[in-house]
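Pasted below: entry-v5.cif, mmCIF, C-alpha atoms.
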```
data_upload
loop_
_atom_site.label_atom_id
_atom_site.label_comp_id
_atom_site.auth_asym_id
_atom_site.auth_seq_id
_atom_site.Cartn_x
_atom_site.Cartn_y
_atom_site.Cartn_z
CA MET H 220 231.59 292.11 81.55
CA SER H 221 231.17 293.06 85.12
CA VAL H 222 233.26 291.63 87.92
CA LYS H 223 230.24 289.65 89.24
CA GLN H 224 229.75 287.85 85.92
CA ILE H 225 233.46 286.99 85.64
CA GLY H 226 233.54 285.51 89.19
CA LEU H 227 230.45 283.34 88.66
CA SER H 228 231.82 282.01 85.34
CA SER H 229 235.13 281.04 86.95
CA LEU H 230 233.34 279.15 89.81
CA CYS H 231 231.29 277.11 87.33
CA TRP H 232 234.42 276.07 85.34
CA LEU H 233 236.14 275.04 88.63
CA LEU H 234 233.27 272.81 89.72
CA CYS H 235 233.02 271.17 86.32
CA GLY H 236 236.73 270.33 86.30
CA LEU H 237 236.66 268.35 89.60
CA GLY H 238 235.37 265.24 87.74
CA TRP H 239 238.71 264.81 85.84
CA LEU H 240 240.92 265.00 88.96
CA HIS H 241 242.57 261.67 90.16
CA ALA H 242 244.34 260.80 93.40
CA GLN H 243 248.00 259.83 93.43
CA GLY H 244 248.66 256.06 93.07
CA PRO H 245 250.65 254.03 95.64
CA THR H 246 254.40 254.24 95.58
CA ALA H 247 256.19 251.19 94.19
CA GLY H 248 258.52 249.29 96.51
CA SER H 249 258.31 247.84 100.05
CA MET H 250 255.90 249.25 102.60
CA LEU H 251 257.41 251.63 105.15
CA PRO H 252 257.83 250.12 108.62
CA GLU H 253 255.93 252.86 110.36
CA VAL H 254 252.89 252.58 108.10
CA PRO H 255 250.30 250.14 109.50
CA SER H 256 248.61 247.55 107.37
CA LEU H 257 245.41 248.52 105.50
CA TYR H 258 243.84 245.14 106.26
CA THR H 259 242.64 243.71 109.53
CA PRO H 260 244.57 240.50 110.40
CA PHE H 261 242.59 237.30 109.87
CA ARG H 262 239.75 239.16 108.23
CA THR H 263 238.10 236.77 105.76
CA ASP H 264 235.18 238.82 104.54
CA VAL H 265 237.33 240.63 101.95
CA GLY H 266 238.66 238.51 99.09
CA GLY H 267 237.90 235.22 100.91
CA GLU H 268 241.29 234.91 102.73
CA ALA H 269 243.33 236.98 105.07
CA PRO H 270 246.29 238.79 103.49
CA THR H 271 249.79 237.71 104.44
CA ASN H 272 253.08 239.48 104.65
CA PRO H 273 255.73 237.46 102.83
CA VAL H 274 258.51 238.80 105.01
CA THR H 275 256.93 238.26 108.42
CA SER H 276 255.18 235.02 107.46
CA ALA H 277 258.38 233.29 106.45
CA THR H 278 260.65 234.57 109.19
CA GLY H 279 258.18 235.05 112.04
CA SER H 280 259.84 238.36 112.90
CA GLY H 281 259.40 241.95 111.95
CA PRO H 282 257.33 244.91 112.99
CA LEU H 283 254.07 243.25 111.86
CA SER H 284 254.82 239.73 113.09
CA SER H 285 252.60 240.13 116.15
CA ALA H 286 249.65 240.99 113.91
CA PHE H 287 249.77 237.55 112.24
CA ARG H 288 250.13 235.43 115.42
CA PRO H 289 247.10 233.60 116.79
CA ALA H 290 245.30 235.48 119.51
CA PRO H 291 245.37 233.93 123.01
CA ALA H 292 242.28 232.20 124.27
CA GLY H 293 239.59 234.54 125.50
CA VAL H 294 240.84 237.63 123.61
CA ASN H 295 240.75 238.80 119.99
CA ALA H 296 243.72 239.78 117.83
CA GLU H 297 243.91 243.23 119.41
CA GLY H 298 244.04 241.73 122.93
CA ILE H 299 240.49 242.74 123.79
CA ALA H 300 238.66 240.23 125.95
CA LEU H 301 235.87 238.36 124.21
CA ASP H 302 232.42 237.98 125.70
CA GLU H 303 232.43 234.43 127.02
CA GLY H 304 228.88 234.56 128.29
CA SER H 305 227.39 235.34 131.68
CA PRO H 306 228.90 233.68 134.78
CA PRO H 307 227.01 230.67 136.17
CA PRO H 308 224.44 231.47 138.81
CA PRO H 309 225.50 230.92 142.44
CA PRO H 310 224.37 227.66 144.05
CA MET H 311 221.08 227.77 145.84
CA THR H 312 221.26 227.68 149.62
CA PRO H 313 218.29 226.89 151.83
CA ILE H 314 216.86 229.78 153.75
CA PRO H 315 216.88 229.10 157.51
CA LEU H 316 213.39 228.88 158.90
CA ALA H 317 214.48 229.98 162.37
CA PRO H 318 217.05 232.42 163.75
CA PRO H 319 220.50 230.91 164.52
CA TYR H 320 220.92 229.65 168.05
CA SER H 321 223.49 231.03 170.44
CA PRO H 322 226.72 228.95 170.84
CA TYR H 323 225.80 228.67 174.53
CA LEU H 324 222.69 226.71 173.48
CA ASN H 325 224.20 224.82 170.54
CA TYR H 326 227.32 223.81 172.50
CA PRO H 327 229.33 223.05 169.31
CA GLN H 328 231.91 220.30 169.66
CA SER H 329 234.71 219.02 167.50
CA PRO H 330 234.85 215.34 166.42
CA CYS H 331 237.12 214.71 169.41
CA CYS H 332 234.66 216.00 171.98
CA CYS H 333 236.06 219.32 173.16
CA GLY H 334 239.14 219.59 170.94
CA PRO H 335 242.71 220.38 172.02
CA VAL H 336 243.13 221.17 175.69
CA GLY H 337 246.26 222.90 176.98
CA LEU H 338 249.57 221.12 176.59
CA CYS H 339 247.94 217.69 176.43
CA GLY H 340 246.68 218.41 172.91
CA GLY H 341 244.03 215.69 172.90
CA PRO H 342 240.33 215.30 173.63
CA LEU H 343 238.52 215.11 176.95
CA GLY H 344 236.81 212.05 178.39
CA PHE H 345 235.16 210.95 181.60
CA ASP H 346 233.92 207.84 183.35
CA VAL H 347 231.87 206.72 186.34
CA PHE H 348 232.95 203.84 188.56
CA LEU H 349 232.09 201.74 191.59
CA ARG H 350 234.78 200.12 193.73
CA GLY H 351 234.62 197.65 196.57
CA GLY H 352 236.96 195.35 198.37
CA LEU H 353 238.93 194.41 201.46
CA VAL H 354 240.72 196.68 203.95
CA PHE H 355 243.73 195.19 205.76
CA PRO H 356 244.90 197.27 208.78
CA ILE H 357 248.66 197.59 209.17
CA GLY H 358 250.92 199.59 211.47
CA SER H 359 251.34 199.80 215.23
CA SER H 360 248.52 202.05 216.45
CA ILE H 361 245.62 200.92 218.66
CA PHE H 362 243.26 200.73 215.71
CA ASP H 363 245.79 198.82 213.61
CA LYS H 364 246.22 196.25 216.39
CA VAL H 365 242.62 195.65 217.36
CA LEU H 366 240.69 196.09 214.09
CA LEU H 367 240.15 193.10 211.85
CA THR H 368 239.97 193.01 208.08
CA GLY H 369 237.15 195.25 206.94
CA TRP H 370 235.64 196.48 203.71
CA GLU H 371 235.53 199.65 201.64
CA ILE H 372 233.00 200.82 199.08
CA GLU H 373 233.59 203.83 196.83
CA GLY H 374 231.80 205.55 193.97
CA GLY H 375 232.76 208.51 191.82
CA GLY H 376 233.99 209.73 188.46
CA GLN H 377 237.15 210.58 186.59
CA LEU H 378 238.08 213.25 184.05
CA PHE H 379 240.63 212.32 181.34
CA LEU H 380 242.92 214.80 179.57
CA PHE H 381 244.25 212.75 176.65
CA ASN H 382 247.35 213.31 174.56
CA ARG H 383 246.98 213.73 170.78
CA PRO H 384 247.06 210.00 169.82
CA SER H 385 244.82 209.19 172.84
CA THR H 386 247.24 206.59 174.18
CA ALA H 387 247.79 208.25 177.59
CA ALA H 388 245.92 210.71 179.78
CA TRP H 389 246.17 212.74 182.97
CA VAL H 390 243.32 211.76 185.27
CA ALA H 391 241.47 213.78 187.93
CA THR H 392 239.28 211.79 190.33
CA ALA H 393 236.46 212.78 192.70
CA SER H 394 234.65 210.20 194.81
CA ILE H 395 232.92 209.32 198.08
CA SER H 396 234.02 206.28 200.08
CA ASN H 397 233.21 204.41 203.28
CA ILE H 398 235.54 202.19 205.33
CA TYR H 399 234.25 199.86 208.04
CA ASN H 400 236.27 197.64 210.39
CA THR H 401 235.28 195.68 213.50
CA THR H 402 237.37 194.24 216.35
CA GLY H 403 235.70 190.90 216.87
CA ASN H 404 236.63 189.30 220.19
CA PHE H 405 240.12 190.74 220.38
CA ASN H 406 240.55 194.04 222.22
CA ILE H 407 243.15 196.11 223.99
CA PRO H 408 241.83 198.48 226.71
CA VAL H 409 242.66 202.16 226.22
CA THR H 410 242.41 204.86 228.86
CA LEU H 411 240.58 208.06 227.99
CA TYR H 412 240.32 211.16 230.19
CA ASN H 413 237.45 213.54 230.82
CA VAL H 414 235.01 211.52 228.83
CA PRO H 415 231.34 212.62 228.88
CA VAL H 416 229.19 209.64 229.71
CA ILE H 417 225.41 209.46 229.41
CA LEU H 418 224.00 207.93 232.59
CA PRO H 419 220.73 206.01 232.55
CA PRO H 420 217.80 207.44 234.55
CA ALA H 421 217.37 206.40 238.17
CA PRO H 422 215.07 203.39 238.53
CA ASN H 423 212.76 205.07 241.13
CA SER H 424 212.65 208.56 239.58
CA THR H 425 209.28 210.10 238.79
CA PHE H 426 210.56 211.64 235.56
CA PRO H 427 213.08 209.29 233.92
CA VAL H 428 215.63 211.68 232.42
CA ARG H 429 219.11 210.74 231.34
CA SER H 430 222.00 212.80 232.60
CA ILE H 431 225.52 213.41 231.32
CA LYS H 432 228.50 213.00 233.59
CA VAL H 433 232.14 213.75 232.78
CA VAL H 434 234.30 210.88 233.94
CA PRO H 435 237.90 211.88 234.78
CA ALA H 436 239.36 208.61 233.50
CA ILE H 437 237.90 205.46 232.02
CA ASP H 438 239.18 202.30 230.36
CA LEU H 439 237.41 201.45 227.11
CA THR H 440 237.58 198.80 224.40
CA VAL H 441 236.80 199.45 220.71
CA ASN H 442 233.87 197.73 219.04
CA TYR H 443 234.08 199.07 215.46
CA LEU H 444 235.37 202.00 213.40
CA ASN H 445 233.30 203.54 210.60
CA MET H 446 234.71 206.33 208.38
CA THR H 447 233.20 208.24 205.45
CA PHE H 448 235.34 210.40 203.12
CA VAL H 449 235.26 212.78 200.22
CA ASN H 450 238.27 211.96 198.03
CA LEU H 451 240.16 214.00 195.44
CA GLY H 452 243.10 212.71 193.45
CA ILE H 453 245.20 213.05 190.32
CA GLY H 454 247.01 210.39 188.34
CA ARG H 455 248.25 209.12 185.02
CA GLU H 456 247.00 206.28 182.77
CA TRP H 457 248.35 204.46 179.69
CA TRP H 458 246.52 202.34 177.10
CA LEU H 459 248.72 199.37 176.21
CA CYS H 460 246.72 197.90 173.31
CA GLY H 461 246.37 200.95 171.09
CA SER H 462 244.37 204.13 171.34
CA ALA H 463 241.71 204.86 173.93
CA ASP H 464 239.50 206.17 171.11
CA PRO H 465 237.13 203.34 170.10
CA GLY H 466 236.96 204.79 166.58
CA GLN H 467 240.66 204.08 166.02
CA THR H 468 240.94 200.60 167.53
CA GLN H 469 238.46 197.78 167.91
CA GLY H 470 238.08 195.07 170.51
CA TRP H 471 239.64 194.73 173.94
CA ASN H 472 242.04 197.23 175.41
CA TRP H 473 244.20 197.18 178.53
CA ARG H 474 245.04 200.26 180.56
CA VAL H 475 247.19 200.72 183.66
CA GLY H 476 247.77 203.71 185.87
CA PHE H 477 248.51 205.21 189.25
CA ASP H 478 247.06 208.04 191.29
CA SER H 479 247.45 209.82 194.58
CA GLY H 480 245.34 212.24 196.55
CA GLY H 481 243.76 213.26 199.81
CA ARG H 482 240.58 212.49 201.71
CA TRP H 483 238.57 214.31 204.33
CA GLY H 484 235.55 213.17 206.28
CA THR H 485 234.00 212.04 209.53
CA ALA H 486 234.52 208.95 211.67
CA LYS H 487 232.63 207.15 214.40
CA VAL H 488 234.26 204.81 216.85
CA ALA H 489 231.93 202.63 218.95
CA PHE H 490 233.01 201.34 222.36
CA ASN H 491 231.76 198.32 224.23
CA GLU H 492 231.33 200.21 227.53
CA ILE H 493 229.83 203.55 226.54
CA GLN H 494 228.22 205.28 223.57
CA HIS H 495 230.11 206.02 220.38
CA LYS H 496 232.38 208.97 219.75
CA THR H 497 232.63 211.00 216.52
CA GLY H 498 235.23 213.28 215.04
CA VAL H 499 236.75 214.75 211.87
CA VAL H 500 239.43 212.68 210.12
CA GLY H 501 241.69 213.21 207.13
CA GLY H 502 244.26 211.25 205.23
CA VAL H 503 246.23 210.56 202.07
CA ASP H 504 246.28 207.62 199.70
CA CYS H 505 248.16 206.31 196.67
CA ALA H 506 247.31 203.42 194.39
CA ILE H 507 248.21 201.44 191.30
CA TYR H 508 245.53 199.76 189.20
CA SER H 509 244.80 197.90 185.99
CA ASN H 510 241.62 197.74 183.90
CA ILE H 511 240.42 195.96 180.79
CA GLU H 512 237.75 197.58 178.62
CA HIS H 513 235.71 196.94 175.50
CA PRO H 514 233.47 199.34 173.51
CA PHE H 515 229.77 198.60 173.76
CA ARG H 516 227.19 200.86 172.09
CA CYS H 517 227.48 204.40 173.50
CA GLY H 518 230.03 203.63 176.22
CA ILE H 519 233.15 201.65 177.04
CA PRO H 520 232.56 199.33 180.02
CA PHE H 521 235.65 198.41 182.03
CA ALA H 522 236.59 196.20 184.96
CA GLY H 523 239.76 195.90 186.94
CA VAL H 524 241.64 195.64 190.21
CA ARG H 525 243.17 198.34 192.40
CA PHE H 526 245.82 198.12 195.13
CA GLU H 527 245.72 201.08 197.52
CA TYR H 528 247.60 202.38 200.57
CA ASN H 529 245.87 204.67 203.11
CA TYR H 530 247.13 206.73 206.02
CA ILE H 531 244.38 208.38 208.09
CA TRP H 532 244.89 210.78 210.96
CA THR H 533 242.35 210.53 213.77
CA GLY H 534 242.00 212.06 217.24
CA LEU H 535 239.29 209.68 218.37
CA LEU H 536 241.47 208.03 221.06
CA GLN H 537 242.99 211.29 222.31
CA ARG H 538 246.63 212.23 222.00
CA GLN H 539 248.02 209.91 224.65
CA ASN H 540 246.89 206.91 222.60
CA PRO H 541 248.22 206.35 219.07
CA GLY H 542 245.02 206.44 217.07
CA ASP H 543 246.09 206.87 213.43
CA PHE H 544 244.91 204.24 210.97
CA GLN H 545 246.92 202.64 208.17
CA SER H 546 245.66 200.07 205.73
CA LEU H 547 246.31 198.26 202.47
CA ASN H 548 243.15 197.96 200.38
CA LEU H 549 242.47 195.45 197.62
CA LEU H 550 239.58 196.80 195.56
CA PHE H 551 237.71 195.57 192.53
CA GLN H 552 236.16 198.15 190.25
CA LEU H 553 233.53 198.37 187.54
CA GLY H 554 232.62 201.37 185.43
CA VAL H 555 231.77 202.89 182.09
CA ARG H 556 233.94 205.37 180.18
CA PHE H 557 232.47 207.90 177.74
#
```
Now, as a test, write the supplied structure out as structure tokens.
Amino acid sequence: MSVKQIGLSSLCWLLCGLGWLHAQGPTAGSMLPEVPSLYTPFRTDVGGEAPTNPVTSATGSGPLSSAFRPAPAGVNAEGIALDEGSPPPPPMTPIPLAPPYSPYLNYPQSPCCCGPVGLCGGPLGFDVFLRGGLVFPIGSSIFDKVLLTGWEIEGGGQLFLFNRPSTAAWVATASISNIYNTTGNFNIPVTLYNVPVILPPAPNSTFPVRSIKVVPAIDLTVNYLNMTFVNLGIGREWWLCGSADPGQTQGWNWRVGFDSGGRWGTAKVAFNEIQHKTGVVGGVDCAIYSNIEHPFRCGIPFAGVRFEYNYIWTGLLQRQNPGDFQSLNLLFQLGVRF
């Protein structure tokens, strides 16, 4: 036989003998710790039930104990997250039909109007008011001696800077006022110097023209005094029956306060002998007041009384004559707070 025939014959016998070969059977005894289990934990498609390890099942410990514990929610036994479905769709929001407006046009406000302001910490508020009442001259000047009880009328507004509970507020006031007093039949003559006097035209003149003559000295008596002012002031108010916010308290409320400020304006003094004289005047004032208020629809109407002291500097009677004016004013006021 040739070498080729011998090699082919040996290959055939080798292939035919593979059918009688068997693999080695499993070794008797306990399973080695480092060898993993041949079954998937909790697999029920083989044999109907999941296999158990008698050692780890009874004691709950061992290298394979974690394989037989229930998997946490949302993951499988191997710790892989389960597919819990797609997330819910986001809520539908309406599409704006117009571009957003600028904050300068919207003017957004908090529920308490303009929100916290400085150290006061509370909202803002404002009101409009009208005051009127009696003016009682006091003091020792010419005007104080000859002028009778007069009247004052005033109108304006106030800005409130409330504290957080809205039980007190700093108040800024701006107003316009007019004071008018007459002398009646009682007068004290005063001497003025270098007074321009308008002379009537001559009775026989062809062209009746009035002329002005400066009189070196003249005695005059006062007829009336009329003064108009622009007033600015600052004060403090307290609400004694709860909060000033009508949303927190209902019904009547009582508030008291005080203020002080300055005034500047013009005055006209009329004399019985010659024409009137005008000038610039200024003064200071301070007052205490009390108001009651009650919410009504969009506003809070209020009414009250005000007791005021005024000191006004004037140069209407020249320096040689004391011409300052002092008064105590009893005013009644009405208004609406917003």
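When all atoms listed in the file are used to measure the gap to Ser509 (chain H), the shortest distance among H:Val488, H:Leu553, H:Asn548, H:Thr497 belongs to H:Leu553.
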> Written as a list in words, what is the full residue list that the PyMOL selection byres ((chain H and resi 557) around 6) yields on the file shown?
Replying inline: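 On the file shown, the PyMOL selection byres ((chain H and resi 557) around 6) covers Phe345, Asp346, Gly518 and Arg556 of chain H.
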> Contacts of Ser359 (chain H) at 12 Å or less, counting all atoms listed in the file, minus same-chain residues fewer than 2 places along, as number ranges by chain?
Replying inline: H: 356-357, 361-366, 540-546
>> From the options H:Ala486, H:Ile453, H:Cys460, H:Val475, which residue's atoms come nearest to Trp389 (chain H), counting all atoms listed in the file?
In response: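 Comparing H:Ala486, H:Ile453, H:Cys460, H:Val475 against Trp389 (chain H), the winner is H:Ile453.
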> Near Trp483 (chain H), within 7 Å and counting all atoms listed in the file, which residues show up once chain neighbours fewer than 3 positions away are dropped, as an MDAnalysis selection string?
Replying inline: chainID H and resid 448:450 500:502
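Listed by chain and then by number, the residues chosen by the PyMOL selection byres ((chain H and resi 380) around 8) in this file are Val336, Cys339, Gly341, Pro342, Leu343, Gly344, Leu378, Phe379, Phe381, Asn382, Ala388, Trp389 and Val390 of chain H.
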Go ahead and dump the residues you just picked, C-alpha atoms, as a CSV table (one decimal), in the coordinates of the input.
```csv
chain,number,residue,atom,x,y,z
H,336,VAL,CA,243.1,221.2,175.7
H,339,CYS,CA,247.9,217.7,176.4
H,341,GLY,CA,244.0,215.7,172.9
H,342,PRO,CA,240.3,215.3,173.6
H,343,LEU,CA,238.5,215.1,177.0
H,344,GLY,CA,236.8,212.0,178.4
H,378,LEU,CA,238.1,213.2,184.0
H,379,PHE,CA,240.6,212.3,181.3
H,381,PHE,CA,244.2,212.8,176.6
H,382,ASN,CA,247.4,213.3,174.6
H,388,ALA,CA,245.9,210.7,179.8
H,389,TRP,CA,246.2,212.7,183.0
H,390,VAL,CA,243.3,211.8,185.3
```
>> Given only C-alpha atoms as the basis, pick out the residue of H:Arg516, H:Arg482, H:Arg538, H:Arg383 nearest to Ser396 (chain H).
In response: H:Arg482
>> Please determine, counting only C-alpha atoms, which residue among H:Leu459, H:Gly470, H:Gly523, H:Leu536 has the shortest atom-to-atom distance to Thr440 (chain H).
In response: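 Looking only at the distances to Thr440 (chain H), the closest residue turns out to be H:Leu536.
Coordinates place CA of Lys496 (chain H) at a distance of 16.3 Å from CA of Pro435 (chain H).
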> Applied to the shown file, which residues does the PyMOL selection byres ((chain H and resi 371) around 8) return, written as a ChimeraX atom specification?
Replying inline: /H:350-354,369-370,372-373,396-399,548,550
> What gap, in Å, lies between CA of Ala436 (chain H) and CA of Val416 (chain H)?
Replying inline: 10.9 Å
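Note that CA of Trp532 (chain H) and CA of Thr410 (chain H) are 19.0 Å apart.
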> Got a sec to check which residues sit within 6 Å of (250.2, 200.6, 194.1), counting all atoms listed in the file, and write them as a PyMOL selection string?
Replying inline: chain H and resi 506-507+526-527
